[in-house]
>>> print(open('entry.txt').read())   # compact mmCIF, C-alpha atoms
# COMPACT_ATOMS: atom_id res chain seq x y z
CA MET A 1 5.12 -0.39 11.34
CA ASN A 2 3.99 1.78 8.45
CA GLU A 3 0.50 3.15 7.97
CA ARG A 4 -0.53 0.63 5.40
CA SER A 5 0.48 -2.51 7.25
CA GLU A 6 -1.04 -1.15 10.45
CA PHE A 7 -4.33 -0.67 8.65
CA ILE A 8 -4.20 -4.12 7.09
CA SER A 9 -3.32 -5.94 10.31
CA LYS A 10 -6.26 -4.34 12.05
CA HIS A 11 -8.80 -5.20 9.39
CA SER A 12 -7.81 -8.46 7.88
CA VAL A 13 -7.63 -11.97 9.28
CA GLU A 14 -4.91 -12.94 6.86
CA PRO A 15 -1.83 -10.74 7.11
CA LEU A 16 -0.34 -9.07 4.07
CA TYR A 17 2.90 -10.39 2.61
CA GLU A 18 5.12 -8.55 0.14
CA VAL A 19 6.48 -10.83 -2.58
CA PHE A 20 9.96 -10.70 -4.12
CA VAL A 21 11.00 -12.86 -7.07
CA ARG A 22 14.44 -13.69 -8.44
CA SER A 23 13.69 -13.97 -12.16
CA ARG A 24 16.87 -15.94 -12.92
CA ARG A 25 20.17 -16.86 -11.38
CA GLY A 26 22.55 -13.92 -11.28
CA LEU A 27 19.82 -11.34 -10.67
CA SER A 28 18.58 -10.07 -7.33
CA HIS A 29 15.08 -10.54 -5.98
CA THR A 30 12.68 -7.83 -7.14
CA HIS A 31 9.41 -6.72 -5.56
CA VAL A 32 6.50 -7.99 -7.68
CA GLY A 33 3.44 -7.29 -5.52
CA SER A 34 1.70 -8.53 -2.43
CA LEU A 35 -0.86 -11.05 -1.25
CA HIS A 36 -2.74 -12.25 1.83
CA ALA A 37 -2.05 -15.59 3.44
CA PRO A 38 -2.57 -17.11 6.89
CA ASP A 39 1.15 -17.80 7.31
CA ALA A 40 4.48 -17.57 5.49
CA THR A 41 4.34 -21.11 4.11
CA MET A 42 0.99 -20.50 2.49
CA ALA A 43 2.16 -17.09 1.32
CA LEU A 44 5.01 -18.78 -0.51
CA ARG A 45 2.69 -21.27 -2.21
CA ASN A 46 0.20 -18.59 -3.13
CA ALA A 47 3.01 -16.41 -4.47
CA ARG A 48 4.08 -19.24 -6.73
CA ASP A 49 0.56 -19.47 -8.18
CA VAL A 50 -0.09 -15.75 -8.40
CA TYR A 51 3.28 -14.39 -9.54
CA THR A 52 5.15 -17.22 -11.32
CA ARG A 53 2.61 -18.98 -13.53
CA ARG A 54 4.94 -18.53 -16.51
CA GLN A 55 8.29 -19.43 -15.04
CA GLU A 56 8.95 -15.83 -14.04
CA GLY A 57 11.14 -16.92 -11.16
CA VAL A 58 13.66 -19.36 -9.74
CA SER A 59 13.33 -18.17 -6.15
CA ILE A 60 10.68 -16.36 -4.09
CA TRP A 61 10.89 -14.37 -0.86
CA VAL A 62 7.81 -13.42 1.13
CA VAL A 63 8.03 -10.84 3.90
CA ARG A 64 5.25 -9.79 6.22
CA ALA A 65 4.42 -6.22 5.24
CA SER A 66 4.27 -5.27 8.92
CA ASP A 67 7.92 -6.31 9.34
CA ILE A 68 9.17 -3.80 6.78
CA THR A 69 10.60 -0.52 8.04
CA ALA A 70 10.47 2.11 5.33
CA SER A 71 11.82 5.63 4.99
CA SER A 72 9.08 8.22 5.00
CA PRO A 73 8.28 10.25 1.90
CA ASP A 74 7.64 13.29 4.14
CA GLU A 75 11.22 13.48 5.33
CA LYS A 76 12.61 12.55 1.92
CA ASP A 77 14.56 15.78 1.58
CA GLU A 78 16.42 15.69 4.88
CA PHE A 79 16.93 11.97 4.58
CA PHE A 80 18.61 12.01 1.19
CA ASP A 81 20.13 15.52 1.30
CA PRO A 82 23.55 14.48 2.60
CA ALA A 83 24.29 12.84 -0.76
CA GLY A 84 23.31 15.95 -2.70
CA ASP A 85 26.50 17.98 -2.35
CA LYS A 86 28.99 15.15 -2.82
CA VAL A 87 29.29 15.20 -6.58
CA TYR A 88 32.91 14.07 -6.21
CA ARG A 89 31.52 10.58 -5.60
CA HIS A 90 30.83 10.29 -9.32
CA PRO A 91 33.62 9.57 -11.81
CA THR A 92 32.28 12.29 -14.10
CA PHE A 93 33.37 14.89 -11.48
CA TYR A 94 37.01 14.44 -12.46
CA GLU A 95 38.75 16.01 -15.40
CA VAL A 96 40.75 13.58 -17.44
CA PRO A 97 43.53 15.05 -19.61
CA GLU A 98 43.21 14.29 -23.30
CA GLY A 99 44.87 11.12 -24.46
CA VAL A 100 44.64 9.27 -21.16
CA GLU A 101 43.04 5.88 -21.72
CA HIS A 102 41.69 3.09 -19.49
CA LEU A 103 40.97 5.51 -16.63
CA MET B 1 8.27 16.99 -5.28
CA ASP B 2 4.61 17.65 -4.62
CA PHE B 3 1.73 15.81 -6.25
CA GLN B 4 0.93 18.18 -9.09
CA ALA B 5 4.58 18.73 -9.98
CA THR B 6 5.09 14.96 -10.19
CA ILE B 7 2.01 14.57 -12.41
CA ASP B 8 3.07 17.50 -14.62
CA ALA B 9 6.51 15.96 -15.09
CA ASP B 10 4.82 12.66 -16.09
CA GLY B 11 6.28 11.07 -12.96
CA ARG B 12 4.69 8.30 -10.92
CA ILE B 13 2.84 8.60 -7.64
CA GLU B 14 3.73 5.88 -5.12
CA PRO B 15 1.62 4.55 -2.22
CA ARG B 16 2.85 6.70 0.63
CA ASP B 17 3.08 9.98 -1.31
CA ALA B 18 0.68 12.76 -0.47
CA MET B 19 -2.21 12.78 -2.96
CA PRO B 20 -5.55 14.58 -3.25
CA ASP B 21 -8.52 12.72 -1.78
CA GLY B 22 -10.27 12.68 -5.13
CA TYR B 23 -7.26 11.02 -6.80
CA ARG B 24 -7.20 8.32 -4.13
CA LYS B 25 -10.96 7.75 -4.34
CA THR B 26 -10.99 7.65 -8.13
CA LEU B 27 -8.19 5.09 -8.17
CA ILE B 28 -9.81 2.92 -5.49
CA ARG B 29 -13.09 2.94 -7.43
CA GLN B 30 -11.41 2.18 -10.75
CA ILE B 31 -8.94 -0.45 -9.55
CA ALA B 32 -11.59 -2.22 -7.45
CA GLN B 33 -14.01 -2.26 -10.37
CA HIS B 34 -11.24 -3.61 -12.56
CA ALA B 35 -10.38 -6.33 -10.03
CA HIS B 36 -14.05 -7.28 -9.64
CA SER B 37 -14.34 -7.55 -13.44
CA GLU B 38 -11.46 -10.00 -13.56
CA ILE B 39 -12.97 -12.38 -11.04
CA ILE B 40 -16.56 -12.08 -12.27
CA GLY B 41 -15.12 -12.63 -15.76
CA MET B 42 -14.11 -16.13 -14.69
CA GLN B 43 -17.77 -17.19 -14.69
CA PRO B 44 -18.84 -16.97 -18.35
CA GLU B 45 -15.72 -18.89 -19.32
CA GLY B 46 -15.75 -21.31 -16.41
CA ASN B 47 -19.17 -22.26 -17.73
CA TRP B 48 -17.45 -24.08 -20.64
CA ILE B 49 -14.49 -25.78 -18.94
CA SER B 50 -16.35 -29.06 -18.51
CA ARG B 51 -17.66 -28.92 -22.07
CA ALA B 52 -14.54 -27.83 -23.96
CA PRO B 53 -14.33 -29.83 -27.21
CA SER B 54 -10.89 -31.36 -26.54
CA LEU B 55 -8.38 -31.89 -23.77
CA ARG B 56 -6.14 -29.26 -25.38
CA ARG B 57 -8.94 -26.68 -25.34
CA LYS B 58 -9.85 -27.60 -21.77
CA ALA B 59 -6.27 -27.20 -20.51
CA ILE B 60 -5.97 -23.83 -22.28
CA LEU B 61 -9.30 -22.59 -20.93
CA MET B 62 -8.40 -23.60 -17.39
CA ALA B 63 -5.10 -21.74 -17.67
CA LYS B 64 -6.93 -18.69 -18.94
CA VAL B 65 -9.52 -18.70 -16.18
CA GLN B 66 -6.70 -19.12 -13.64
CA ASP B 67 -5.03 -16.08 -15.20
CA GLU B 68 -8.21 -14.05 -14.65
CA ALA B 69 -8.09 -14.95 -10.96
CA GLY B 70 -4.45 -13.89 -10.92
CA HIS B 71 -5.29 -10.57 -12.57
CA GLY B 72 -7.94 -9.96 -9.94
CA LEU B 73 -5.38 -10.60 -7.22
CA TYR B 74 -2.74 -8.27 -8.72
CA LEU B 75 -5.39 -5.57 -8.86
CA TYR B 76 -6.76 -6.08 -5.34
CA ALA B 77 -3.16 -5.87 -4.13
CA ALA B 78 -2.71 -2.60 -6.04
CA ALA B 79 -5.94 -1.21 -4.54
CA GLU B 80 -4.79 -2.12 -1.04
CA THR B 81 -1.74 0.12 -1.41
CA LEU B 82 -4.26 3.00 -1.28
CA GLY B 83 -5.34 2.08 2.24
CA VAL B 84 -8.37 -0.11 1.63
CA ASP B 85 -8.78 -3.74 2.57
CA ARG B 86 -9.56 -6.45 0.05
CA ALA B 87 -12.21 -7.97 2.32
CA ASP B 88 -14.05 -4.63 2.36
CA LEU B 89 -13.85 -4.34 -1.43
CA LEU B 90 -15.35 -7.80 -1.80
CA ASP B 91 -18.16 -6.79 0.56
CA LEU B 92 -18.85 -3.78 -1.66
CA LEU B 93 -18.97 -6.02 -4.73
CA HIS B 94 -21.26 -8.54 -3.02
CA SER B 95 -23.65 -5.84 -1.83
CA GLY B 96 -23.76 -4.29 -5.31
CA LYS B 97 -22.19 -1.01 -4.16
CA GLN B 98 -19.23 -1.45 -6.50
CA LYS B 99 -19.61 -2.50 -10.12
CA TYR B 100 -17.78 -4.77 -12.53
CA SER B 101 -17.59 -4.57 -16.29
CA SER B 102 -21.05 -4.99 -17.84
CA ILE B 103 -19.72 -7.29 -20.55
CA PHE B 104 -19.74 -10.20 -18.12
CA ASN B 105 -23.50 -9.95 -17.71
CA TYR B 106 -23.96 -11.55 -21.12
CA PRO B 107 -24.30 -15.34 -21.36
CA THR B 108 -21.94 -17.78 -23.10
CA LEU B 109 -24.45 -19.85 -25.06
CA THR B 110 -22.14 -21.82 -27.35
CA TRP B 111 -18.49 -22.86 -27.54
CA ALA B 112 -17.96 -20.13 -30.14
CA ASP B 113 -18.72 -17.59 -27.41
CA ILE B 114 -15.49 -18.64 -25.69
CA GLY B 115 -13.68 -17.74 -28.92
CA ALA B 116 -15.54 -14.43 -29.15
CA ILE B 117 -14.72 -13.53 -25.55
CA GLY B 118 -11.02 -14.14 -26.10
CA TRP B 119 -10.88 -12.34 -29.42
CA LEU B 120 -13.29 -9.42 -28.84
CA VAL B 121 -13.64 -8.96 -25.10
CA ASP B 122 -9.98 -9.55 -24.29
CA GLY B 123 -9.08 -7.61 -27.44
CA ALA B 124 -11.07 -4.62 -26.20
CA ALA B 125 -9.60 -5.07 -22.73
CA ILE B 126 -6.08 -4.93 -24.19
CA VAL B 127 -6.88 -1.67 -26.02
CA ASN B 128 -8.17 -0.25 -22.72
CA GLN B 129 -5.34 -1.62 -20.62
CA VAL B 130 -2.19 -0.93 -22.64
CA PRO B 131 -2.38 2.84 -21.91
CA LEU B 132 -2.95 2.00 -18.22
CA CYS B 133 0.61 0.60 -18.12
CA ARG B 134 1.59 4.31 -18.13
CA CYS B 135 -0.95 5.33 -15.50
CA SER B 136 0.36 7.89 -13.01
CA TYR B 137 -0.20 5.58 -10.04
CA GLY B 138 2.81 3.24 -9.83
CA PRO B 139 1.27 0.07 -8.34
CA TYR B 140 -1.66 0.15 -10.80
CA ALA B 141 0.65 0.70 -13.77
CA ARG B 142 2.92 -2.16 -12.69
CA ALA B 143 -0.02 -4.52 -12.24
CA MET B 144 -1.23 -3.62 -15.71
CA VAL B 145 2.14 -4.48 -17.24
CA ARG B 146 1.77 -8.02 -15.91
CA VAL B 147 -1.88 -8.23 -16.97
CA CYS B 148 -1.17 -7.04 -20.52
CA LYS B 149 1.62 -9.57 -21.03
CA GLU B 150 -0.81 -12.35 -20.16
CA GLU B 151 -3.79 -10.99 -22.11
CA SER B 152 -2.17 -11.48 -25.49
CA PHE B 153 -2.30 -15.26 -24.97
CA HIS B 154 -5.99 -14.87 -24.14
CA GLN B 155 -6.75 -12.97 -27.29
CA ARG B 156 -4.86 -15.33 -29.56
CA GLN B 157 -6.49 -18.44 -28.12
CA GLY B 158 -9.91 -16.86 -28.72
CA PHE B 159 -9.02 -15.98 -32.29
CA GLU B 160 -7.75 -19.52 -32.83
CA ILE B 161 -11.04 -21.01 -31.62
CA LEU B 162 -13.00 -18.88 -34.08
CA TYR B 163 -10.52 -19.49 -36.90
CA THR B 164 -10.90 -23.24 -36.42
CA LEU B 165 -14.70 -23.00 -36.35
CA SER B 166 -14.81 -20.74 -39.39
CA LYS B 167 -12.78 -23.29 -41.38
CA GLY B 168 -15.04 -26.11 -40.20
CA THR B 169 -18.49 -27.24 -41.26
CA GLU B 170 -21.24 -24.83 -42.28
CA ALA B 171 -22.83 -25.29 -38.86
CA GLN B 172 -19.56 -24.46 -37.10
CA LYS B 173 -19.04 -21.37 -39.21
CA ALA B 174 -22.60 -20.28 -38.50
CA MET B 175 -21.95 -20.75 -34.79
CA ALA B 176 -18.88 -18.50 -35.04
CA GLN B 177 -20.87 -15.86 -36.95
CA ASP B 178 -23.66 -15.98 -34.38
CA ALA B 179 -21.14 -15.40 -31.57
CA LEU B 180 -19.68 -12.39 -33.40
CA ASN B 181 -23.19 -11.02 -33.97
CA ARG B 182 -23.99 -11.18 -30.27
CA TRP B 183 -20.63 -10.00 -28.85
CA TRP B 184 -19.83 -7.18 -31.29
CA TRP B 185 -22.08 -4.50 -29.78
CA PRO B 186 -21.40 -5.27 -26.10
CA SER B 187 -17.67 -5.25 -26.92
CA LEU B 188 -17.96 -1.73 -28.34
CA MET B 189 -19.75 -0.70 -25.13
CA MET B 190 -16.75 -1.86 -23.09
CA PHE B 191 -15.07 1.48 -23.82
CA GLY B 192 -17.76 3.24 -21.86
CA PRO B 193 -20.19 5.99 -22.83
CA PRO B 194 -19.32 8.40 -25.67
CA ASP B 195 -16.92 11.18 -24.67
CA ALA B 196 -19.67 13.78 -24.47
CA ALA B 197 -21.50 11.73 -21.84
CA SER B 198 -18.53 10.39 -19.87
CA THR B 199 -18.63 11.68 -16.31
CA HIS B 200 -15.20 10.81 -14.93
CA SER B 201 -13.04 11.21 -18.01
CA GLU B 202 -11.79 14.78 -17.87
CA GLN B 203 -10.45 14.71 -14.34
CA SER B 204 -8.92 11.27 -14.86
CA MET B 205 -7.07 12.56 -17.91
CA ALA B 206 -5.75 15.54 -15.95
CA TRP B 207 -4.49 13.18 -13.26
CA GLY B 208 -2.75 10.90 -15.74
CA ILE B 209 -4.97 7.96 -14.77
CA LYS B 210 -6.56 7.87 -18.19
CA ARG B 211 -4.49 8.59 -21.29
CA HIS B 212 -7.03 8.42 -24.14
CA SER B 213 -10.71 9.16 -24.43
CA ASN B 214 -13.38 6.42 -24.67
CA ASP B 215 -14.13 7.24 -28.30
CA GLU B 216 -10.44 7.23 -29.29
CA LEU B 217 -9.98 3.77 -27.80
CA ARG B 218 -13.22 2.49 -29.37
CA GLN B 219 -12.00 3.65 -32.79
CA ARG B 220 -8.64 1.97 -32.22
CA PHE B 221 -10.41 -1.29 -31.37
CA VAL B 222 -12.61 -1.18 -34.48
CA ASP B 223 -9.62 -0.42 -36.74
CA MET B 224 -7.73 -3.33 -35.25
CA THR B 225 -10.58 -5.83 -35.29
CA VAL B 226 -12.34 -5.41 -38.65
CA PRO B 227 -9.40 -6.73 -40.73
CA GLN B 228 -9.14 -9.69 -38.33
CA ALA B 229 -12.80 -10.51 -38.98
CA ASP B 230 -11.95 -10.60 -42.69
CA VAL B 231 -9.27 -13.21 -42.01
CA LEU B 232 -11.84 -15.24 -40.11
CA GLY B 233 -14.22 -14.92 -43.03
CA LEU B 234 -16.88 -13.55 -40.69
CA ARG B 235 -19.04 -10.48 -41.14
CA VAL B 236 -19.04 -7.66 -38.60
CA PRO B 237 -22.76 -7.07 -37.99
CA ASP B 238 -22.70 -3.38 -38.89
CA ASP B 239 -24.24 -2.20 -42.18
CA GLY B 240 -22.75 1.22 -41.64
CA LEU B 241 -19.15 0.03 -41.65
CA VAL B 242 -17.02 1.86 -44.25
CA TYR B 243 -13.28 2.39 -44.62
CA GLU B 244 -12.44 6.08 -44.91
CA ASP B 245 -9.22 8.07 -44.42
CA GLY B 246 -7.40 5.21 -42.71
CA HIS B 247 -10.22 4.40 -40.29
CA TYR B 248 -13.35 2.32 -40.23
CA ARG B 249 -16.45 4.44 -39.73
CA PHE B 250 -18.86 2.40 -37.66
CA THR B 251 -22.31 2.56 -36.13
CA GLU B 252 -22.33 3.48 -32.45
CA PRO B 253 -23.80 0.84 -30.17
CA ASP B 254 -27.09 1.52 -28.40
CA TYR B 255 -25.84 3.04 -25.16
CA THR B 256 -29.24 2.81 -23.50
CA GLU B 257 -28.55 -0.93 -23.37
CA LEU B 258 -25.22 -0.24 -21.63
CA TYR B 259 -26.86 1.97 -19.00
CA ASP B 260 -29.57 -0.61 -18.52
CA VAL B 261 -27.09 -3.47 -17.95
CA VAL B 262 -25.04 -1.29 -15.58
CA LYS B 263 -28.23 -0.69 -13.61
CA GLY B 264 -28.56 -4.43 -13.14
CA ASN B 265 -30.95 -5.39 -15.92
CA GLY B 266 -28.61 -7.41 -18.16
CA PRO B 267 -29.32 -11.05 -18.94
CA CYS B 268 -27.02 -12.45 -16.23
CA ASN B 269 -26.49 -9.73 -13.57
CA GLN B 270 -28.28 -11.64 -10.83
CA GLN B 271 -26.76 -14.97 -11.70
CA ARG B 272 -23.21 -13.57 -11.72
CA LEU B 273 -23.52 -11.84 -8.40
CA SER B 274 -25.31 -14.64 -6.57
CA HIS B 275 -22.76 -17.15 -7.87
CA ARG B 276 -19.95 -14.92 -6.59
CA VAL B 277 -21.53 -14.52 -3.16
CA LYS B 278 -22.15 -18.26 -2.91
CA ALA B 279 -18.55 -19.07 -3.91
CA HIS B 280 -17.33 -16.65 -1.24
CA GLU B 281 -19.59 -18.13 1.45
CA ASP B 282 -18.80 -21.71 0.44
CA GLY B 283 -15.10 -20.90 0.72
CA ALA B 284 -15.34 -19.57 4.26
CA TRP B 285 -14.43 -22.90 5.87
CA VAL B 286 -11.25 -23.08 3.76
CA ARG B 287 -10.14 -19.66 4.98
CA GLU B 288 -11.01 -20.56 8.56
CA ALA B 289 -9.18 -23.89 8.33
CA ALA B 290 -6.07 -22.21 6.91
CA ALA B 291 -6.13 -19.63 9.71
CA ALA B 292 -6.59 -22.34 12.37
CA TYR B 293 -3.73 -24.37 10.92
CA ALA B 294 -1.45 -21.31 10.83
CA ALA B 295 -2.32 -20.52 14.44
CA LYS B 296 -1.62 -24.10 15.53
CA ARG B 297 1.75 -24.12 13.79
CA ALA B 298 2.69 -20.76 15.29
CA GLU B 299 1.81 -22.09 18.73
CA ARG B 300 3.98 -25.17 18.26
CA ALA B 301 6.89 -23.11 17.01
CA ALA B 302 6.66 -20.77 20.04
>>> encode(input="entry.txt", output="structure tokens")
Amino acid sequence: MNERSEFISKHSVEPLYEVFVRSRRGLSHTHVGSLHAPDATMALRNARDVYTRRQEGVSIWVVRASDITASSPDEKDEFFDPAGDKVYRHPTFYEVPEGVEHL
Amino acid sequence: MDFQATIDADGRIEPRDAMPDGYRKTLIRQIAQHAHSEIIGMQPEGNWISRAPSLRRKAILMAKVQDEAGHGLYLYAAAETLGVDRADLLDLLHSGKQKYSSIFNYPTLTWADIGAIGWLVDGAAIVNQVPLCRCSYGPYARAMVRVCKEESFHQRQGFEILYTLSKGTEAQKAMAQDALNRWWWPSLMMFGPPDAASTHSEQSMAWGIKRHSNDELRQRFVDMTVPQADVLGLRVPDDGLVYEDGHYRFTEPDYTELYDVVKGNGPCNQQRLSHRVKAHEDGAWVREAAAAYAAKRAERAA
């Protein structure tokens, strides 16, 4: 449980839900904000009214904020460092001889 | 990257990043005040829903007032990412410890006032809010992007109301002019005190919360609005208005009135706050019922 959701669950009757909306078919769900609701069903209805009043979505996910496990910004460096020295994972690392196409 | 380096690089601060206490406090104060303004702002307009002159106008006004509620909710959600609880913020509003925009302490006396609110008040809000889409605090900036997209409908519907009235009978045109006369000066005050007297501005600029000074934004609003008044065929109630070097020189509003309304002495301060508190108290049973229902369902599912 992260700091924020811990705080919220202690102080609020209605738990906090994070809201994700798929704006149209073919795209993934994107985080749009959060809201309070007594349960997931109500959270979904409220999310429809708060975040899709102008047909912004074709599908909504709601997730209790307290159920999200997040990486910590404090350990950001150690956490993401392993990717730092592996430039060979990018196609731009490789030299392509002149005249070679479709590579 | 640490806080200052992120700010210096025009980067965004996100909820769980380390940030100075003052930055957090300033944002909580500003976002909460902004959220409170959105929901208190429902009242002057809600006042006319039952008396809108046509079904079309009524449907539009209801959608607009619903948007204001939505804006309040986006903003409370953004404030909560800073470690405060919405219920506590509402308590602070209800006890008068946190403020909302003074503009909503003026009454909506005629239907033309609904037009003036959309055109002038939402117009001024847009000028204030567009730069906030680039605010250094990520959740606030993202909420403002949504708000700004929706505000342009609000402003146009207000302009349309006044345009229709100004092309109507003499009495209707006079009603539109009267609304402009009453809302012009309070709208100019929406940008806050003049730069020289603004207490929070400098630090907020350094933190990337604020991008332009109060006076800059006020000038932008006047330059944008005066030509629109011409199209409406209405007269901006300022004898000192002159066009000069690409800008309209205008008379400053009487800021003692602003300070007085902020202190609680505007025409509707008491009415707005007591209505809000009553709505909150009257809604308690709905919140309790929803919680009881959720608990019952959870029990059954277990």
>>> closest_residue(input="entry.txt", among="A:Tyr88, A:Trp61, A:Phe20, A:Tyr94", to="Ala40 in chain A", atoms="all atoms listed in the file")
A:Trp61
>>> interface_residues(input="entry.txt", of="chain A", to="chain B", cutoff="6 Å", atoms="only C-alpha atoms", output="ChimeraX atom specification")
/A:4,34,38-39,50
>>> residues_near_point(input="entry.txt", point="(2.1, -19.9, -9.6)", cutoff="12 Å", atoms="all atoms listed in the file", output="NGL selection string")
(:A and (21 or 43-60)) or (:B and (63 or 66-67 or 69-70))
>>> closest_residue(input="entry.txt", among="B:Asn105, B:Asn269, B:Ser213, B:Gln155", to="Leu120 in chain B", atoms="all atoms listed in the file")
B:Gln155
>>> residues_around(input="entry.txt", residues="His154 in chain B", least_positions_apart="3", cutoff="8 Å", atoms="all atoms listed in the file", output="list in words")
Lys64, Gly118, Trp119, Asp122, Glu150, Glu151, Gln157 and Gly158 of chain B
>>> write_last_selection(input="entry.txt", atoms="C-alpha atoms", output="mmCIF file, in the coordinates of the input")
data_model
loop_
_atom_site.group_PDB
_atom_site.id
_atom_site.type_symbol
_atom_site.label_atom_id
_atom_site.label_comp_id
_atom_site.auth_asym_id
_atom_site.auth_seq_id
_atom_site.Cartn_x
_atom_site.Cartn_y
_atom_site.Cartn_z
ATOM 1 C CA LYS B 64 -6.930 -18.690 -18.940
ATOM 2 C CA GLY B 118 -11.020 -14.140 -26.100
ATOM 3 C CA TRP B 119 -10.880 -12.340 -29.420
ATOM 4 C CA ASP B 122 -9.980 -9.550 -24.290
ATOM 5 C CA GLU B 150 -0.810 -12.350 -20.160
ATOM 6 C CA GLU B 151 -3.790 -10.990 -22.110
ATOM 7 C CA GLN B 157 -6.490 -18.440 -28.120
ATOM 8 C CA GLY B 158 -9.910 -16.860 -28.720
#
>>> residues_around(input="entry.txt", residues="range 172-176 of chain B", least_positions_apart="2", cutoff="12 Å", atoms="all atoms listed in the file", output="VMD selection string")
chain B and resid 109 to 117 119 158 to 170 178 to 184 229 232 to 236
>>> closest_residue(input="entry.txt", among="B:Ile39, B:Ala279, B:Met189, B:Val145", to="Val32 in chain A", atoms="only C-alpha atoms")
B:Val145
>>> atom_distance(input="entry.txt", atom1="CA of Glu257 in chain B", atom2="CA of Val277 in chain B")
25.3 Å
>>> build_atoms(input="entry.txt", residues="range 40-54 of chain B", atoms="N, CA and C atoms", output="PDB file, in the coordinates of the input")
ATOM      1  N   ILE B  40     -15.234 -11.750 -11.735  1.00  0.00           N
ATOM      2  CA  ILE B  40     -16.560 -12.080 -12.270  1.00  0.00           C
ATOM      3  C   ILE B  40     -16.394 -12.656 -13.680  1.00  0.00           C
ATOM      4  N   GLY B  41     -15.389 -12.160 -14.392  1.00  0.00           N
ATOM      5  CA  GLY B  41     -15.120 -12.630 -15.760  1.00  0.00           C
ATOM      6  C   GLY B  41     -14.746 -14.098 -15.827  1.00  0.00           C
ATOM      7  N   MET B  42     -14.407 -14.698 -14.690  1.00  0.00           N
ATOM      8  CA  MET B  42     -14.110 -16.130 -14.690  1.00  0.00           C
ATOM      9  C   MET B  42     -15.382 -16.951 -14.952  1.00  0.00           C
ATOM     10  N   GLN B  43     -16.540 -16.398 -14.633  1.00  0.00           N
ATOM     11  CA  GLN B  43     -17.770 -17.190 -14.690  1.00  0.00           C
ATOM     12  C   GLN B  43     -18.237 -17.566 -16.090  1.00  0.00           C
ATOM     13  N   PRO B  44     -18.368 -16.572 -17.017  1.00  0.00           N
ATOM     14  CA  PRO B  44     -18.840 -16.970 -18.350  1.00  0.00           C
ATOM     15  C   PRO B  44     -17.919 -17.993 -19.011  1.00  0.00           C
ATOM     16  N   GLU B  45     -16.635 -17.940 -18.707  1.00  0.00           N
ATOM     17  CA  GLU B  45     -15.720 -18.890 -19.320  1.00  0.00           C
ATOM     18  C   GLU B  45     -15.667 -20.205 -18.557  1.00  0.00           C
ATOM     19  N   GLY B  46     -15.738 -20.109 -17.236  1.00  0.00           N
ATOM     20  CA  GLY B  46     -15.750 -21.310 -16.410  1.00  0.00           C
ATOM     21  C   GLY B  46     -16.911 -22.214 -16.808  1.00  0.00           C
ATOM     22  N   ASN B  47     -17.970 -21.577 -17.248  1.00  0.00           N
ATOM     23  CA  ASN B  47     -19.170 -22.260 -17.730  1.00  0.00           C
ATOM     24  C   ASN B  47     -18.869 -23.314 -18.801  1.00  0.00           C
ATOM     25  N   TRP B  48     -17.748 -23.157 -19.536  1.00  0.00           N
ATOM     26  CA  TRP B  48     -17.450 -24.080 -20.640  1.00  0.00           C
ATOM     27  C   TRP B  48     -16.272 -25.010 -20.377  1.00  0.00           C
ATOM     28  N   ILE B  49     -15.667 -24.930 -19.196  1.00  0.00           N
ATOM     29  CA  ILE B  49     -14.490 -25.780 -18.940  1.00  0.00           C
ATOM     30  C   ILE B  49     -14.861 -27.262 -19.077  1.00  0.00           C
ATOM     31  N   SER B  50     -15.983 -27.639 -18.484  1.00  0.00           N
ATOM     32  CA  SER B  50     -16.350 -29.060 -18.510  1.00  0.00           C
ATOM     33  C   SER B  50     -16.847 -29.511 -19.876  1.00  0.00           C
ATOM     34  N   ARG B  51     -17.122 -28.553 -20.766  1.00  0.00           N
ATOM     35  CA  ARG B  51     -17.660 -28.920 -22.070  1.00  0.00           C
ATOM     36  C   ARG B  51     -16.735 -28.548 -23.223  1.00  0.00           C
ATOM     37  N   ALA B  52     -15.484 -28.184 -22.901  1.00  0.00           N
ATOM     38  CA  ALA B  52     -14.540 -27.830 -23.960  1.00  0.00           C
ATOM     39  C   ALA B  52     -14.400 -29.020 -24.915  1.00  0.00           C
ATOM     40  N   PRO B  53     -14.256 -28.742 -26.233  1.00  0.00           N
ATOM     41  CA  PRO B  53     -14.330 -29.830 -27.210  1.00  0.00           C
ATOM     42  C   PRO B  53     -13.117 -30.768 -27.233  1.00  0.00           C
ATOM     43  N   SER B  54     -12.026 -30.431 -26.574  1.00  0.00           N
ATOM     44  CA  SER B  54     -10.890 -31.360 -26.540  1.00  0.00           C
ATOM     45  C   SER B  54     -10.100 -31.115 -25.271  1.00  0.00           C
TER      46      SER B  54
END
